[in-house]
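Visitor: Handing over model-v1.cif, mmCIF, C-alpha atoms.
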```
data_target
loop_
_atom_site.label_atom_id
_atom_site.label_comp_id
_atom_site.auth_asym_id
_atom_site.auth_seq_id
_atom_site.Cartn_x
_atom_site.Cartn_y
_atom_site.Cartn_z
CA MET V 1 -29.45 -15.49 -1.69
CA GLN V 2 -26.05 -16.10 -0.07
CA LEU V 3 -22.72 -16.11 -1.80
CA PRO V 4 -20.66 -19.31 -1.75
CA GLY V 5 -18.10 -19.36 1.01
CA THR V 6 -19.65 -16.44 2.87
CA GLY V 7 -21.49 -16.16 6.11
CA SER V 8 -22.81 -13.52 8.38
CA ASN V 9 -19.24 -12.66 9.32
CA GLN V 10 -17.98 -11.98 5.79
CA THR V 11 -17.97 -8.19 5.98
CA PHE V 12 -15.74 -7.25 3.08
CA LEU V 13 -18.50 -8.02 0.56
CA PHE V 14 -19.36 -4.48 -0.38
CA HIS V 15 -22.19 -3.09 -2.48
CA LEU V 16 -20.76 -4.65 -5.63
CA GLN V 17 -21.46 -8.18 -4.44
CA TYR V 18 -24.90 -7.08 -3.36
CA ILE V 19 -25.62 -5.59 -6.78
CA TYR V 20 -24.22 -8.58 -8.69
CA HIS V 21 -25.90 -11.34 -6.71
CA ASN V 22 -28.70 -10.07 -4.48
CA GLU V 23 -29.99 -7.62 -7.06
CA ALA V 24 -29.29 -10.02 -9.96
CA PHE V 25 -27.49 -7.31 -11.96
CA GLU V 26 -24.23 -8.94 -12.98
CA LYS V 27 -23.01 -6.32 -15.46
CA PRO V 28 -19.36 -5.51 -14.71
CA PHE V 29 -18.84 -3.24 -17.71
CA PHE V 30 -22.06 -1.33 -17.17
CA SER V 31 -21.25 -0.86 -13.48
CA THR V 32 -17.69 0.28 -14.17
CA TYR V 33 -18.79 2.64 -16.94
CA VAL V 34 -21.49 4.28 -14.81
CA LYS V 35 -19.34 4.69 -11.73
CA THR V 36 -16.36 6.01 -13.70
CA SER V 37 -18.57 8.45 -15.60
CA MET V 38 -19.79 9.82 -12.28
CA PHE V 39 -16.35 11.41 -11.91
CA THR V 40 -17.59 14.11 -14.29
CA LEU V 41 -19.45 15.60 -11.31
CA TYR V 42 -16.14 17.12 -10.26
CA LEU V 43 -16.03 19.20 -13.44
CA LEU V 44 -18.88 21.27 -12.01
CA GLY V 45 -16.11 22.95 -10.05
CA LEU V 46 -15.14 24.75 -13.27
CA CYS V 47 -18.44 26.61 -12.93
CA PHE V 48 -18.72 27.09 -9.17
CA TRP V 49 -15.20 26.86 -7.66
CA PRO V 50 -13.40 30.25 -7.97
CA PRO V 51 -9.80 28.90 -8.16
CA TRP V 52 -10.76 26.66 -11.08
CA ARG V 53 -12.54 29.53 -12.81
CA ASP V 54 -9.39 31.63 -12.38
CA GLN V 55 -7.37 28.91 -14.10
CA CYS V 56 -9.72 29.11 -17.06
CA SER V 57 -9.22 32.88 -17.34
CA LYS V 58 -5.50 32.87 -16.50
CA PRO V 59 -3.40 33.96 -19.47
CA ALA V 60 -1.09 31.44 -21.07
CA THR V 61 1.92 33.72 -20.52
CA TYR V 62 1.54 33.66 -16.74
CA MET V 63 4.85 32.92 -15.05
CA TYR V 64 6.56 33.33 -11.71
CA ILE V 65 9.44 35.83 -11.55
CA ASP V 66 12.32 34.67 -9.39
CA PRO V 67 13.77 37.77 -7.69
CA ASN V 68 17.12 36.03 -7.15
CA ILE V 69 17.77 35.69 -10.88
CA GLU V 70 18.85 38.78 -12.74
CA ASP V 71 17.95 38.88 -16.39
CA GLU V 72 18.56 42.10 -18.27
CA ASN V 73 16.45 40.93 -21.19
CA PHE V 74 13.41 40.18 -19.09
CA TYR V 75 12.06 43.70 -18.83
CA THR V 76 11.69 44.18 -22.52
CA GLU V 77 8.76 45.45 -24.42
CA GLY V 78 7.67 41.88 -25.19
CA ASN V 79 7.51 40.83 -21.55
CA THR V 80 6.22 44.06 -20.04
CA SER V 81 4.02 45.00 -22.97
CA LEU V 82 1.05 47.19 -22.37
CA SER V 83 -2.24 46.97 -24.15
CA ASP V 84 -2.96 48.78 -27.37
CA PRO V 85 -3.53 52.48 -26.77
CA THR V 86 -7.01 53.84 -26.43
CA PHE V 87 -7.86 57.54 -26.51
CA VAL V 88 -10.49 58.94 -24.22
CA PRO V 89 -11.63 62.59 -24.10
CA ILE V 90 -10.36 64.69 -21.22
CA LYS V 91 -12.91 66.47 -19.09
CA PHE V 92 -11.63 70.02 -18.49
CA PRO V 93 -13.08 72.06 -15.66
CA ASP V 94 -15.76 74.55 -16.57
CA PRO V 95 -14.26 78.04 -17.13
CA SER V 96 -17.19 79.60 -15.26
CA ASP V 97 -16.10 77.79 -12.08
CA ARG V 98 -12.74 79.55 -11.98
CA SER V 99 -12.35 82.34 -9.50
CA SER V 100 -11.87 85.74 -11.14
CA GLY V 101 -9.47 86.79 -8.41
CA THR V 102 -6.95 84.13 -9.19
CA GLU V 103 -6.95 84.44 -12.94
CA SER V 104 -5.50 87.29 -14.94
CA ASP V 105 -7.90 89.15 -17.20
CA ASP V 106 -5.04 90.41 -19.33
CA SER V 107 -5.65 89.16 -22.84
CA SER V 108 -2.05 89.67 -23.69
CA VAL V 109 -1.01 86.71 -21.51
CA LYS V 110 -0.32 83.70 -23.70
CA SER V 111 -2.23 80.51 -22.85
CA VAL V 112 -1.14 76.91 -23.25
CA ARG V 113 -3.39 74.56 -25.17
CA PHE V 114 -3.50 70.87 -24.23
CA SER V 115 -4.76 67.94 -26.24
CA LYS V 116 -8.36 67.04 -25.64
CA LEU V 117 -7.60 63.29 -25.83
CA ALA V 118 -5.69 61.17 -23.33
CA GLU V 119 -3.78 58.03 -24.34
CA VAL V 120 -4.58 55.10 -22.02
CA ARG V 121 -2.72 51.76 -21.88
CA HIS V 122 -3.56 48.91 -19.54
CA MET V 123 -0.86 46.92 -17.78
CA SER V 124 -0.92 43.15 -18.22
CA GLU V 125 -2.21 40.98 -15.37
CA THR V 126 1.24 39.52 -14.69
CA ASP V 127 2.93 42.91 -14.43
CA ALA V 128 0.09 44.22 -12.30
CA THR V 129 0.57 41.33 -9.89
CA GLU V 130 4.31 42.01 -9.65
CA ALA V 131 3.65 45.70 -9.09
CA LEU V 132 1.24 44.82 -6.29
CA LEU V 133 3.85 42.55 -4.66
CA ALA V 134 6.39 45.36 -4.79
CA ARG V 135 4.10 47.64 -2.74
CA LEU V 136 3.45 45.06 0.01
CA SER V 137 5.32 44.73 3.28
CA TYR V 138 8.11 42.19 3.61
CA GLN V 139 6.10 39.52 5.42
CA ALA V 140 3.08 40.03 3.16
CA SER V 141 5.28 39.82 0.06
CA ILE V 142 6.75 36.52 1.31
CA ARG V 143 3.28 35.03 1.74
CA ALA V 144 2.04 36.42 -1.56
CA GLY V 145 5.17 35.17 -3.32
CA GLU V 146 4.59 31.67 -2.00
CA VAL V 147 1.01 31.74 -3.26
CA ALA V 148 2.23 32.98 -6.64
CA ARG V 149 4.88 30.26 -6.77
CA ARG V 150 2.29 27.53 -6.15
CA ALA V 151 -0.04 29.08 -8.72
CA ALA V 152 2.74 29.24 -11.30
CA SER V 153 3.79 25.61 -10.69
CA LYS V 154 0.22 24.30 -10.96
CA PHE V 155 -0.61 22.59 -14.21
CA PRO V 156 -3.02 24.43 -16.51
CA ILE V 157 -6.34 22.83 -17.30
CA GLN V 158 -5.15 21.71 -20.72
CA LYS V 159 -2.28 19.72 -19.24
CA VAL V 160 -4.50 18.16 -16.55
CA ALA V 161 -6.88 17.04 -19.29
CA LYS V 162 -3.96 15.59 -21.27
CA ILE V 163 -2.73 13.60 -18.24
CA SER V 164 -6.26 12.34 -17.61
CA LEU V 165 -6.50 11.15 -21.22
CA MET V 166 -3.24 9.23 -20.79
CA PHE V 167 -4.39 7.40 -17.64
CA CYS V 168 -8.16 7.01 -18.10
CA ILE V 169 -7.92 3.73 -20.03
CA LEU V 170 -5.36 2.32 -17.60
CA TRP V 171 -7.62 3.15 -14.68
CA PHE V 172 -10.67 1.68 -16.39
CA ILE V 173 -8.92 -1.60 -17.20
CA ALA V 174 -7.78 -1.98 -13.59
CA ASN V 175 -11.30 -1.48 -12.25
CA TYR V 176 -13.08 -3.45 -14.96
CA THR V 177 -10.93 -6.55 -14.52
CA TYR V 178 -11.39 -6.31 -10.75
CA GLN V 179 -15.17 -6.23 -11.09
CA ILE V 180 -15.16 -9.17 -13.53
CA ALA V 181 -13.06 -11.13 -11.03
CA LEU V 182 -15.49 -10.17 -8.29
CA ALA V 183 -18.42 -11.44 -10.32
CA GLU V 184 -16.69 -14.71 -11.32
CA THR V 185 -14.79 -15.70 -8.18
CA GLU V 186 -15.21 -15.76 -4.45
CA ALA V 187 -14.65 -12.33 -2.97
CA GLY V 188 -12.08 -13.56 -0.44
CA ILE V 189 -9.81 -14.92 -3.18
CA VAL V 190 -10.16 -11.71 -5.19
CA THR V 191 -9.30 -9.63 -2.13
CA VAL V 192 -6.18 -11.65 -1.37
CA LEU V 193 -4.93 -11.54 -4.95
CA SER V 194 -5.72 -7.85 -5.30
CA SER V 195 -3.48 -7.14 -2.32
CA THR V 196 -0.53 -8.16 -4.50
CA SER V 197 -0.77 -4.67 -6.00
CA SER V 198 1.55 -3.59 -3.18
CA LEU V 199 4.16 -6.04 -4.46
CA PHE V 200 3.74 -4.81 -8.04
CA THR V 201 3.93 -1.23 -6.77
CA LEU V 202 7.19 -1.95 -4.95
CA ILE V 203 8.76 -3.44 -8.08
CA LEU V 204 7.49 -0.81 -10.54
CA ALA V 205 8.39 2.07 -8.22
CA ALA V 206 11.93 0.72 -7.95
CA LEU V 207 12.19 0.48 -11.75
CA PHE V 208 10.53 3.87 -12.39
CA PRO V 209 11.16 5.95 -9.24
CA SER V 210 9.54 9.32 -8.74
CA ASN V 211 11.53 10.24 -5.59
CA LEU V 212 14.15 8.80 -3.24
CA GLY V 213 11.48 7.08 -1.16
CA ASP V 214 10.75 4.67 -4.03
CA ARG V 215 14.16 3.01 -3.75
CA PHE V 216 13.90 -0.77 -3.43
CA THR V 217 15.04 -2.22 -0.11
CA LEU V 218 14.90 -5.68 1.35
CA SER V 219 13.01 -4.31 4.36
CA LYS V 220 10.19 -3.04 2.15
CA LEU V 221 9.95 -6.41 0.43
CA VAL V 222 9.71 -8.19 3.79
CA ALA V 223 7.04 -5.75 5.01
CA VAL V 224 4.95 -6.24 1.87
CA CYS V 225 5.19 -10.03 2.14
CA ILE V 226 4.16 -9.83 5.80
CA SER V 227 1.14 -7.70 4.86
CA ILE V 228 0.06 -10.15 2.15
CA SER V 229 0.51 -13.15 4.47
CA GLY V 230 -1.57 -11.43 7.15
CA LEU V 231 -4.33 -10.78 4.63
CA VAL V 232 -4.22 -14.44 3.63
CA LEU V 233 -4.72 -15.45 7.26
CA VAL V 234 -7.62 -13.01 7.63
CA SER V 235 -9.29 -14.31 4.48
CA LEU V 236 -8.68 -17.93 5.46
CA SER V 237 -10.78 -17.37 8.57
CA ASP V 238 -13.87 -17.65 6.38
CA LEU V 239 -12.82 -18.78 2.91
CA THR V 240 -13.47 -21.83 0.79
CA ILE V 241 -10.39 -22.81 -1.23
CA GLU V 242 -10.93 -24.37 -4.63
CA VAL V 243 -8.49 -26.90 -6.07
CA LYS V 244 -8.48 -25.43 -9.57
CA VAL V 245 -7.42 -21.88 -10.33
CA PRO V 246 -10.50 -19.88 -11.34
CA ALA V 247 -10.38 -17.39 -14.18
CA GLY V 248 -11.33 -14.63 -11.78
CA ALA V 249 -8.08 -15.17 -9.88
CA ILE V 250 -6.06 -14.38 -13.01
CA LEU V 251 -8.17 -11.28 -13.64
CA ALA V 252 -7.60 -10.18 -10.05
CA LEU V 253 -3.84 -10.36 -10.61
CA VAL V 254 -4.21 -8.43 -13.87
CA SER V 255 -6.23 -5.80 -12.03
CA ALA V 256 -3.58 -5.55 -9.30
CA PHE V 257 -0.83 -5.04 -11.89
CA PHE V 258 -2.71 -2.34 -13.83
CA TYR V 259 -3.67 -0.57 -10.63
CA ALA V 260 -0.04 -0.49 -9.51
CA ALA V 261 1.08 0.69 -12.96
CA TYR V 262 -1.53 3.46 -12.98
CA LEU V 263 -0.41 4.65 -9.56
CA VAL V 264 3.36 4.49 -10.12
CA PHE V 265 3.34 6.16 -13.52
CA LEU V 266 0.95 8.87 -12.34
CA ARG V 267 3.27 9.65 -9.43
CA ARG V 268 6.15 9.77 -11.89
CA LYS V 269 4.23 12.18 -14.13
CA VAL V 270 3.02 14.38 -11.26
CA ASP V 271 5.66 14.45 -8.54
CA HIS V 272 3.84 16.81 -6.16
CA GLU V 273 0.21 17.23 -5.13
CA ASP V 274 0.34 21.03 -5.53
CA LYS V 275 0.90 20.72 -9.27
CA MET V 276 -2.45 19.17 -10.09
CA ASP V 277 -5.96 19.31 -8.66
CA ILE V 278 -6.86 15.68 -8.02
CA PRO V 279 -10.67 16.20 -8.31
CA MET V 280 -10.13 17.94 -11.65
CA PHE V 281 -7.97 15.02 -12.81
CA PHE V 282 -10.69 12.49 -11.96
CA GLY V 283 -13.31 14.76 -13.51
CA PHE V 284 -11.56 14.56 -16.87
CA VAL V 285 -10.99 10.80 -16.39
CA GLY V 286 -14.74 10.38 -16.06
CA LEU V 287 -15.40 12.64 -19.04
CA PHE V 288 -13.03 10.79 -21.37
CA ASN V 289 -14.35 7.40 -20.29
CA LEU V 290 -17.89 8.66 -20.86
CA LEU V 291 -17.06 9.87 -24.37
CA LEU V 292 -14.68 7.13 -25.54
CA LEU V 293 -16.03 3.85 -24.14
CA TRP V 294 -19.73 3.94 -24.99
CA PRO V 295 -19.23 2.07 -28.33
CA LEU V 296 -18.14 -0.97 -26.30
CA PHE V 297 -21.75 -1.44 -25.24
CA PHE V 298 -22.63 -2.43 -28.81
CA LEU V 299 -19.54 -4.63 -29.16
CA PHE V 300 -20.17 -6.52 -25.92
CA HIS V 301 -23.89 -6.82 -26.58
CA TYR V 302 -23.68 -8.25 -30.10
CA SER V 303 -20.75 -10.48 -29.19
CA LYS V 304 -22.81 -11.68 -26.20
CA TRP V 305 -19.96 -10.92 -23.82
CA GLU V 306 -22.29 -8.75 -21.73
CA LEU V 307 -25.87 -8.25 -22.83
CA PHE V 308 -27.10 -4.71 -22.36
CA GLU V 309 -29.88 -4.38 -19.83
CA TRP V 310 -31.28 -1.25 -18.23
CA PRO V 311 -31.26 -1.43 -14.42
CA THR V 312 -34.40 -1.14 -12.36
CA ARG V 313 -34.96 1.77 -10.00
CA HIS V 314 -33.82 -0.30 -7.03
CA GLN V 315 -30.68 -1.39 -8.86
CA TRP V 316 -29.96 2.20 -9.88
CA THR V 317 -30.17 3.24 -6.23
CA PHE V 318 -27.47 0.82 -5.10
CA LEU V 319 -25.35 1.42 -8.20
CA LEU V 320 -25.33 5.20 -7.75
CA LEU V 321 -24.78 4.94 -4.00
CA ASN V 322 -21.79 2.66 -4.53
CA GLY V 323 -20.47 4.97 -7.24
CA LEU V 324 -20.69 8.12 -5.10
CA VAL V 325 -19.19 6.68 -1.92
CA GLY V 326 -17.03 3.80 -3.16
CA THR V 327 -15.64 5.46 -6.29
CA VAL V 328 -16.14 9.21 -6.59
CA LEU V 329 -15.27 10.10 -2.99
CA SER V 330 -12.97 7.27 -1.92
CA GLU V 331 -10.73 7.31 -5.01
CA VAL V 332 -10.00 11.03 -4.66
CA LEU V 333 -9.17 10.70 -0.95
CA TRP V 334 -7.01 7.64 -1.59
CA LEU V 335 -5.02 9.25 -4.42
CA TRP V 336 -4.58 12.40 -2.35
CA GLY V 337 -3.15 10.30 0.46
CA CYS V 338 -0.87 8.62 -2.05
CA PHE V 339 0.58 11.97 -3.12
CA LEU V 340 1.05 13.05 0.50
CA THR V 341 2.89 9.82 1.41
CA SER V 342 4.05 7.32 -1.23
CA SER V 343 2.54 4.85 -3.67
CA LEU V 344 3.69 1.87 -1.57
CA ILE V 345 2.10 3.18 1.62
CA ALA V 346 -1.16 3.79 -0.24
CA THR V 347 -1.37 0.27 -1.64
CA VAL V 348 -0.45 -1.34 1.70
CA ALA V 349 -2.97 0.85 3.53
CA ILE V 350 -5.83 -0.05 1.21
CA SER V 351 -5.66 -3.68 2.38
CA LEU V 352 -6.33 -2.49 5.93
CA THR V 353 -9.94 -1.76 4.98
CA ILE V 354 -10.72 -5.47 5.42
CA PRO V 355 -9.63 -5.95 9.06
CA MET V 356 -10.87 -2.47 10.00
CA SER V 357 -14.35 -3.21 8.62
CA MET V 358 -14.33 -6.48 10.53
CA PHE V 359 -13.30 -4.71 13.73
CA ALA V 360 -16.19 -2.30 13.20
CA ASP V 361 -18.56 -5.27 13.02
CA VAL V 362 -17.09 -6.68 16.23
CA VAL V 363 -17.65 -3.38 18.06
CA PHE V 364 -21.00 -2.27 16.67
CA LYS V 365 -22.70 -5.49 15.50
CA ARG V 366 -21.24 -7.91 18.05
CA VAL V 367 -20.08 -10.26 15.30
CA THR V 368 -17.69 -13.03 16.36
CA TYR V 369 -14.70 -14.10 14.28
CA PRO V 370 -12.33 -17.05 14.60
CA SER V 371 -8.91 -16.55 16.14
CA MET V 372 -7.31 -16.77 12.69
CA PHE V 373 -8.72 -13.34 11.89
CA TYR V 374 -7.08 -11.67 14.89
CA ILE V 375 -3.79 -13.46 14.28
CA GLY V 376 -3.73 -12.27 10.65
CA SER V 377 -4.65 -8.68 11.52
CA ILE V 378 -1.53 -8.17 13.66
CA PRO V 379 1.07 -8.57 10.86
CA MET V 380 -1.03 -6.41 8.53
CA PHE V 381 -0.92 -3.43 10.89
CA LEU V 382 2.74 -4.05 11.75
CA ALA V 383 3.62 -4.13 8.04
CA PHE V 384 1.80 -0.85 7.46
CA PHE V 385 3.69 0.94 10.24
CA ALA V 386 6.95 -0.62 9.06
CA VAL V 387 6.44 0.65 5.50
CA THR V 388 5.60 4.10 6.87
CA LEU V 389 8.84 4.25 8.87
CA LEU V 390 10.88 2.97 5.94
CA ALA V 391 9.41 5.64 3.68
CA HIS V 392 10.24 8.33 6.24
CA TYR V 393 13.86 7.20 6.60
CA GLU V 394 14.63 6.84 2.91
CA ASN V 395 18.07 5.19 3.16
CA TRP V 396 17.24 2.92 6.11
CA ASP V 397 17.23 -0.83 5.45
CA PRO V 398 17.25 -2.60 8.84
CA VAL V 399 16.80 -6.08 7.39
CA MET V 400 19.86 -5.73 5.18
CA GLU V 401 21.85 -4.25 8.06
CA GLY V 402 20.84 -7.16 10.30
CA ILE V 403 21.87 -9.71 7.67
CA ARG V 404 25.19 -7.92 7.18
CA ARG V 405 25.88 -7.87 10.94
CA CYS V 406 24.99 -11.54 11.30
CA TYR V 407 27.26 -12.41 8.39
CA ILE V 408 30.18 -10.52 9.90
CA PHE V 409 29.58 -11.97 13.35
CA VAL V 410 29.30 -15.60 12.16
CA PHE V 411 32.18 -15.65 9.72
CA ARG V 412 34.59 -13.68 11.87
CA ARG V 413 33.83 -15.89 14.82
CA SER V 414 34.21 -19.12 12.85
CA ARG V 415 37.48 -18.04 11.24
CA PRO V 416 40.41 -19.84 13.01
CA VAL V 417 43.10 -17.62 14.46
CA ARG V 418 46.59 -19.22 14.64
CA ILE V 419 48.73 -18.45 17.69
CA SER V 420 51.91 -18.44 15.65
CA ASP V 421 50.56 -15.63 13.49
CA CYS V 422 49.83 -13.54 16.55
CA GLU V 423 53.30 -14.20 17.98
CA ASP V 424 54.96 -13.24 14.68
CA GLU V 425 52.97 -9.99 14.54
CA GLN V 426 53.91 -9.14 18.14
CA THR V 427 57.58 -9.90 17.46
CA GLU V 428 57.62 -7.67 14.37
CA SER V 429 56.00 -4.82 16.28
CA LEU V 430 58.49 -5.14 19.14
CA ILE V 431 61.43 -5.18 16.71
CA GLY V 432 60.12 -2.04 15.07
CA ILE V 433 59.79 -0.24 18.41
CA ASN V 434 63.29 -1.28 19.54
CA SER V 435 64.90 -0.18 16.30
CA GLY V 436 63.23 3.16 16.62
CA ASP V 437 64.61 3.64 20.11
CA HIS V 438 68.17 2.82 18.99
CA GLU V 439 68.00 5.34 16.17
CA ALA V 440 66.83 7.99 18.58
#
```
How would this structure read if it were set down as structure tokens?
Guide:
Amino acid sequence: MQLPGTGSNQTFLFHLQYIYHNEAFEKPFFSTYVKTSMFTLYLLGLCFWPPWRDQCSKPATYMYIDPNIEDENFYTEGNTSLSDPTFVPIKFPDPSDRSSGTESDDSSVKSVRFSKLAEVRHMSETDATEALLARLSYQASIRAGEVARRAASKFPIQKVAKISLMFCILWFIANYTYQIALAETEAGIVTVLSSTSSLFTLILAALFPSNLGDRFTLSKLVAVCISISGLVLVSLSDLTIEVKVPAGAILALVSAFFYAAYLVFLRRKVDHEDKMDIPMFFGFVGLFNLLLLWPLFFLFHYSKWELFEWPTRHQWTFLLLNGLVGTVLSEVLWLWGCFLTSSLIATVAISLTIPMSMFADVVFKRVTYPSMFYIGSIPMFLAFFAVTLLAHYENWDPVMEGIRRCYIFVFRRSRPVRISDCEDEQTESLIGINSGDHEA
């Protein structure tokens, strides 16, 4: 069974289209729920990954001590408190082991009696760490201090879970609306409209910036528009345009907006990748979606919005494969790249998967494409490199500078200069020079 408007050269139809149409399992909610719940696999790291286990056992009072700040009240009993005292018996040496030549046998010599119990207090983990740093060499203390600084700035597990709860529904809505659009509308149209997430990201990042690189510039707007136009040309190389606007097109725009909102607000909440473990974040996203969204199965089934149906073994195979590769792995890598660069670069780069997959088919499968595809791929790659440069040079806006220079050049050149004005100015300057000479 072939999708409408597709051919052997339509390579950006991923496993979702295969599951929906070839496998006759058109269940967008079920697919989104299963694939999102698979994020819980990352929570196994709490059992097997030592840094995550250390976060579970780390005390809540853990903090980083800045050596450059002097605080007389810091080293108080509350901050450097020891554990409650415990008393252990002291093992004295056996009197029979003492050498008779070294000890006096005179009974008149007074002896000193010591307590048979020793008071033991344990130092807290934080103070023990600081004491260890104090005994290290200079270079080793610098490295250990940097590790301690990153550990102190990292969010605890409770806060990561709270952030995941805030964004899990936003992420689910973005993916669910995208999959409904993919099931209802031609994949090429959905892909083109989903690429508008870069435009939404540019606008939202300018309104809610997380760093200086999110500042709105005319050059970024031009680069985003060039990227979208290139994607339109690539999709037009094998796309059937309908006269009426399908409902899936509106859902694709909704998905693009929610995806941009999820990305921008998450970057605003977590401004650096060292503060939060991204796999842990997605693990809690999957857990909360698994626990909170299962009642919707009954609502959608009895309202006949999406009848519940258990997949076959063959359908499960493709569904789980798409979830592991296309969701669990790719989403973590993509969000990690977003934190390392910027939200705008990430959304522009995600549209490059379409021409790159087509290029892979040209190289490995010897698939031929019309010239429209190659023409549209050029502005997409140019827009990506342009956005990367603009993000690196935060205050650089070459388009605005070019417009300003053209404006100055055109209007200064077209402005008439009267000869009489020049002669008057020269006469005044000469009079001023002559008067100065006379005074001298």
Visitor: Taking into account all atoms listed in the file, which residue in the set V:Ala161, V:Leu204, V:Ile228, V:Leu136 is nearest to Pro379 (chain V)?
Guide: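 Under the stated criterion, the closest residue is V:Ile228.
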Visitor: Translate the PyMOL selection byres ((chain V and resi 142-157) around 6), as applied to the file shown, into an explicit residue set as a count of residues only.
Guide: 10
Visitor: Can you tell me which residues surround Leu212 (chain V) at a distance of at most 10 Å, considering only C-alpha atoms, apart from same-chain residues fewer than 5 positions away, and format the answer as a PyMOL selection string?
Guide: chain V and resi 206+391+393-395
Visitor: Expand the PyMOL selection byres ((chain V and resi 221) around 10) into the explicit residue set it covers here, and present it as a list of chain:residue names.
Guide: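 When the PyMOL selection byres ((chain V and resi 221) around 10) is applied, the selected residues are V:Ser198, V:Leu199, V:Leu202, V:Ile203, V:Phe216, V:Thr217, V:Leu218, V:Ser219, V:Lys220, V:Val222, V:Ala223, V:Val224, V:Cys225, V:Ile226, V:Ser227, V:Val387, V:Val399.
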Visitor: Given the selection you just returned, output its residues as a file containing C-alpha atoms, formatted as a short mmCIF file (atom, residue, chain, number, x, y, z; two decimals), keeping the file's coordinate frame.
Guide:
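And here is the file that came out, selection25.cif:
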```
data_model
loop_
_atom_site.label_atom_id
_atom_site.label_comp_id
_atom_site.auth_asym_id
_atom_site.auth_seq_id
_atom_site.Cartn_x
_atom_site.Cartn_y
_atom_site.Cartn_z
CA SER V 198 1.55 -3.59 -3.18
CA LEU V 199 4.16 -6.04 -4.46
CA LEU V 202 7.19 -1.95 -4.95
CA ILE V 203 8.76 -3.44 -8.08
CA PHE V 216 13.90 -0.77 -3.43
CA THR V 217 15.04 -2.22 -0.11
CA LEU V 218 14.90 -5.68 1.35
CA SER V 219 13.01 -4.31 4.36
CA LYS V 220 10.19 -3.04 2.15
CA VAL V 222 9.71 -8.19 3.79
CA ALA V 223 7.04 -5.75 5.01
CA VAL V 224 4.95 -6.24 1.87
CA CYS V 225 5.19 -10.03 2.14
CA ILE V 226 4.16 -9.83 5.80
CA SER V 227 1.14 -7.70 4.86
CA VAL V 387 6.44 0.65 5.50
CA VAL V 399 16.80 -6.08 7.39
#
```
Visitor: What would the selection look like, as a compact mmCIF listing (two decimals) with C-alpha atoms, in the coordinates of the input, if the PyMOL selection byres ((chain V and resi 289) around 8) were run on the coordinates I just shared?
Guide:
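So part-v9.txt came out as:
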```txt
# COMPACT_ATOMS: atom_id res chain seq x y z
CA TYR V 33 -18.79 2.64 -16.94
CA THR V 36 -16.36 6.01 -13.70
CA SER V 37 -18.57 8.45 -15.60
CA CYS V 168 -8.16 7.01 -18.10
CA ILE V 169 -7.92 3.73 -20.03
CA PHE V 172 -10.67 1.68 -16.39
CA VAL V 285 -10.99 10.80 -16.39
CA GLY V 286 -14.74 10.38 -16.06
CA LEU V 287 -15.40 12.64 -19.04
CA PHE V 288 -13.03 10.79 -21.37
CA LEU V 290 -17.89 8.66 -20.86
CA LEU V 291 -17.06 9.87 -24.37
CA LEU V 292 -14.68 7.13 -25.54
CA LEU V 293 -16.03 3.85 -24.14
CA TRP V 294 -19.73 3.94 -24.99
```
Visitor: Suppose you want the space between CA of Tyr259 (chain V) and CA of Ala174 (chain V); what is it in Å?
Guide: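 Value for the CA of Tyr259 (chain V)-CA of Ala174 (chain V) distance: 5.3 Å.
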Visitor: Can you measure CA of Phe300 (chain V) to CA of Val332 (chain V) for me? One decimal in Å is fine.
Guide: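 So the two atoms, CA of Phe300 (chain V) and CA of Val332 (chain V), lie 29.4 Å apart.
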Visitor: Measure the distance from CA of Asp274 (chain V) to CA of Val348 (chain V) in Å and round it to one decimal.
Guide: 23.5 Å
Visitor: With distances taken over all atoms listed in the file, which residue among V:Leu335, V:Ala386, V:Leu41, V:Leu319 lies nearest Phe25 (chain V)?
Guide: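 The closest residue to Phe25 (chain V) is V:Leu319.
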Visitor: Find the residue from V:Ala360, V:Ala131, V:Ile163, V:Leu231 that sits nearest to Met380 (chain V); use only C-alpha atoms when measuring.
Guide: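 Of V:Ala360, V:Ala131, V:Ile163, V:Leu231, the one nearest Met380 (chain V) is V:Leu231, counting only C-alpha atoms.
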